[in-house]
Protein chains: 4
Amino acid sequence: MARPSNTEERRQQIVEGLLRVMAERGYERASIGEIAKAAGLSSGLVHYHFTDKQEILLTLVEQLAARARARVKVKLERVKGGARAQVEAFLEAFLATGEGADPASVAAWVTISAEAVRQPEVRAAYEKVVRADLEHLEELVGVVIGRRRAKAVAAGLFAAVQGYFVLAAAAPDVIPAGSAASTVKRMAAGLLDMAQSSEGA
Amino acid sequence: MARPSNTEERRQQIVEGLLRVMAERGYERASIGEIAKAAGLSSGLVHYHFTDKQEILLTLVEQLAARARARVKVKLERVKGGARAQVEAFLEAFLATGEGADPASVAAWVTISAEAVRQPEVRAAYEKVVRADLEHLEELVGVVIGRRRAKAVAAGLFAAVQGYFVLAAAAPDVIPAGSAASTVKRMAAGLLDMAQSSEGA
Amino acid sequence: MARPSNTEERRQQIVEGLLRVMAERGYERASIGEIAKAAGLSSGLVHYHFTDKQEILLTLVEQLAARARARVKVKLERVKGGARAQVEAFLEAFLATGEGADPASVAAWVTISAEAVRQPEVRAAYEKVVRADLEHLEELVGVVIGRRRAKAVAAGLFAAVQGYFVLAAAAPDVIPAGSAASTVKRMAAGLLDMAQSSEGA
Amino acid sequence: MARPSNTEERRQQIVEGLLRVMAERGYERASIGEIAKAAGLSSGLVHYHFTDKQEILLTLVEQLAARARARVKVKLERVKGGARAQVEAFLEAFLATGEGADPASVAAWVTISAEAVRQPEVRAAYEKVVRADLEHLEELVGVVIGRRRAKAVAAGLFAAVQGYFVLAAAAPDVIPAGSAASTVKRMAAGLLDMAQSSEGA
DNA sequence: TATGAATGAGGCTTCATTCAT
DNA sequence: CATGAATGAAGCCTCATTCAT
């Protein structure tokens, strides 16, 4: 009898709307009205499906993280080769094809990082995602060079990835096109070699 | 006959006010009122010394860049050692002492990156600073491994630095404390070694 | 399901509000707050229905012009008599009944003229209205004295009308009450006679 | 010993500044700062020589009136011919050379009319000027057609002049260039003829 | 579920005016 | 007389949020 719920579909539309608007206006200037328009909905409906703007942002954080995890999963499944190849696959999942996912998502992610600096809830969500990704990378690195040294190496590689995101979004003209993935992989190779050769120390 | 101009002093106060407020509120939420309060001035006076809010931000970008350049200069002057040591000194200038300069400046810089994503004027200023820093690093790297390979290597190291800034500001608990400078220096060593050993190729 | 749109009604209220406030404060000093109050609405709602203050003014220009056109139409329909009587009817439509429409509208129109001096959009709207009215009058005058001479005569009569508006609004005590319509009609008679008697020239 | 007062000179500069700024920004938007800049002075000095903005405006009204009176005087002194020629000379003094004085003054005068609609002090000054001019014209007209009929005729001709001012400032493209003076003189001729021919009535 | 009108707070900016020098 | 820094009050506009329908 009752109309079938389309809540999930609507929420999805709205989150996509935020992604699109945020990519070109930032979070603060992404008004509910704009988000609604981008989603093809009325502004009132946005508040029907989300309590407030921040909740949309938090949902977006989750979705971007989920998409990244999915890309990583696919890449890892396809890997032929040992532990080092897996580390490379992980990094590629973030940086391959241009400089990672689509430009809008990268821009949104950079914006989210900046919001995480001050909004506690955003920070918590951001931190959770970063922690998970980092632990995953750490695990892969750990197989090559051992747990002890993995933490710093993983953090360094992850930082490089995040840094490329920022530069790709904010100053795309100053970084050599298409060099991100290969350079980070080279960084990984160097760090892993170094750690292995000093293994006995 | 006239009151001596204190414009520069006032502008400085205001820029500092923005830095402080922005570090804990972000740019959009750093209202002129808050900035004025942080600077100990009236809000009207802010607009007497700056055309608009963005002009304060652009001035801050310049100042942060100038401070960074100064730190680099000092570090480079103190370097004993060859070209590799200079690359390390450059990286240290950005990352040493905690995770580079003071936390407020790092947070502000991350915020600026995010603003650069959409505000053309901010992007121009940001890009100019990044380009200059990057070219400097490239030059130092070039001495070790030659111009041709220097571009990608410098970009990678610079990205790592920027990434550490983001993580330090937005998710400080997930990166191993104090590992940034040493890890990036290790990255540099690896990349430089690799480039040198393949020199004949 | 949705609330029925009352936008047009609201816009009308707001335009009336501007008319009333502008008549006693002028345009610049007619704040959105005052306009809203005069319209019995909240100030936020004013900006919900109009992009900005100027759009309200432009809408008012249209409305005042439409009302004038309507008065002219009625007068012309009632005219018994030839072409000269039509010219007189046109002039009466603007000046009869006191010094034209209601005092508030006259005051508003004078204010609009002054705004037209500097605001390009207002000038465009004002010019369009004046041009249309003037062409209409020119046509009527043309029937009596021919196209060639009609332009200057129509402009002169129209200027007289506008001048009476200004004096009625800004210095009502210095012009003889109720003389406007009859004097302008006399001017018309004189100009038309003169043009006709020199016809062969 | 004391520095010779340059108050009058300064006041003059300031009034000219207002004239210039008002011509292109209107009265409300003619800020003290802009006026000062146009006058080549500091904004503080403006308030040293005038209590407030309105006082500058009132002074400007006086000056514009004085200049008009001077032009009228010159024209009348040069007149060869009778009373009718004097009426024409008066009208020419206002409208000759383009559409009266310089465009900036005309624009300023139109602005002043609009301000006179609501600011009592401005209205008083405006009215005083208009009354004086009108009485002068009335006197000249009276010589031709007698006191009784002069009032309305003078008012009509004066209204035409004011109307041409408005149109010249706000919609210059819609009135035939250079036709103002001759048309108004024709209006005068017509009105005077009519009044004389009905003299016995 | 859905719409879009409505509210009211808050932000940026302008500006007349004052005042220390 | 003169400067220009300083203040504080408005004003326009944006926007998250609420709510009647």
# chains A, B, ... in the order shown; residues from 1 in each chain; ligands from 1
>>> interface_residues(of="chain A", to="chain B", cutoff="8 Å", atoms="only C-alpha atoms", output="PyMOL selection string")
chain A and resi 23-26+28+107+110-111+113-118+123+126-127+130-131+151-153+155-164+166-167+169-171+174-176+179-180+183-184+186-191+194
>>> interface_residues(of="chain E", to="chain C", cutoff="9 Å", atoms="only C-alpha atoms (C1' of nucleotides)", output="MDAnalysis selection string")
chainID E and resid 2:8
>>> select_by_dssp(residues="range 145-190 of chain C", states="alpha helix (DSSP H)", output="JSON, numbers by chain")
{"C": [145, 147, 148, 149, 150, 151, 152, 153, 154, 155, 156, 157, 158, 159, 160, 161, 162, 163, 164, 165, 166, 167, 168, 169, 170, 180, 181, 182, 183, 184, 185, 186, 187, 188, 189, 190]}
>>> atom_distance(atom1="CA of Arg148 in chain C", atom2="CA of Pro103 in chain D")
27.8 Å
>>> closest_residue(among="A:Leu58, A:Leu137, A:Ala36, A:Leu18", to="Phe94 in chain A", atoms="only C-alpha atoms")
A:Leu137
>>> interface_residues(of="chain F", to="chain A", cutoff="9 Å", atoms="only C-alpha atoms (C1' of nucleotides)", output="list in words")
DC15, DA16 and DT17 of chain F
>>> write_last_selection(atoms="N, CA and C atoms (P, O5', C5', C4', C3', O3' and C1' of nucleotides)", output="JSON list (two decimals), in the first residue's frame")
[["chain", "number", "residue", "atom", "x", "y", "z"],
["F", 15, "DC", "P", 24.93, 31.69, -0.12],
["F", 15, "DC", "O5'", 24.19, 31.04, 1.13],
["F", 15, "DC", "C5'", 24.68, 31.37, 2.43],
["F", 15, "DC", "C4'", 23.81, 30.73, 3.47],
["F", 15, "DC", "C3'", 23.11, 29.44, 3.00],
["F", 15, "DC", "O3'", 23.32, 28.45, 3.97],
["F", 15, "DC", "C1'", 21.55, 30.94, 3.95],
["F", 16, "DA", "P", 23.37, 26.96, 3.54],
["F", 16, "DA", "O5'", 22.92, 26.27, 4.90],
["F", 16, "DA", "C5'", 23.65, 26.59, 6.07],
["F", 16, "DA", "C4'", 22.72, 26.62, 7.27],
["F", 16, "DA", "C3'", 21.95, 25.32, 7.50],
["F", 16, "DA", "O3'", 21.91, 25.09, 8.91],
["F", 16, "DA", "C1'", 20.41, 27.10, 7.17],
["F", 17, "DT", "P", 21.39, 23.70, 9.39],
["F", 17, "DT", "O5'", 19.85, 24.03, 9.65],
["F", 17, "DT", "C5'", 19.54, 25.12, 10.51],
["F", 17, "DT", "C4'", 18.07, 25.43, 10.44],
["F", 17, "DT", "C3'", 17.12, 24.21, 10.48],
["F", 17, "DT", "O3'", 16.28, 24.37, 11.61],
["F", 17, "DT", "C1'", 16.42, 25.79, 8.87]]
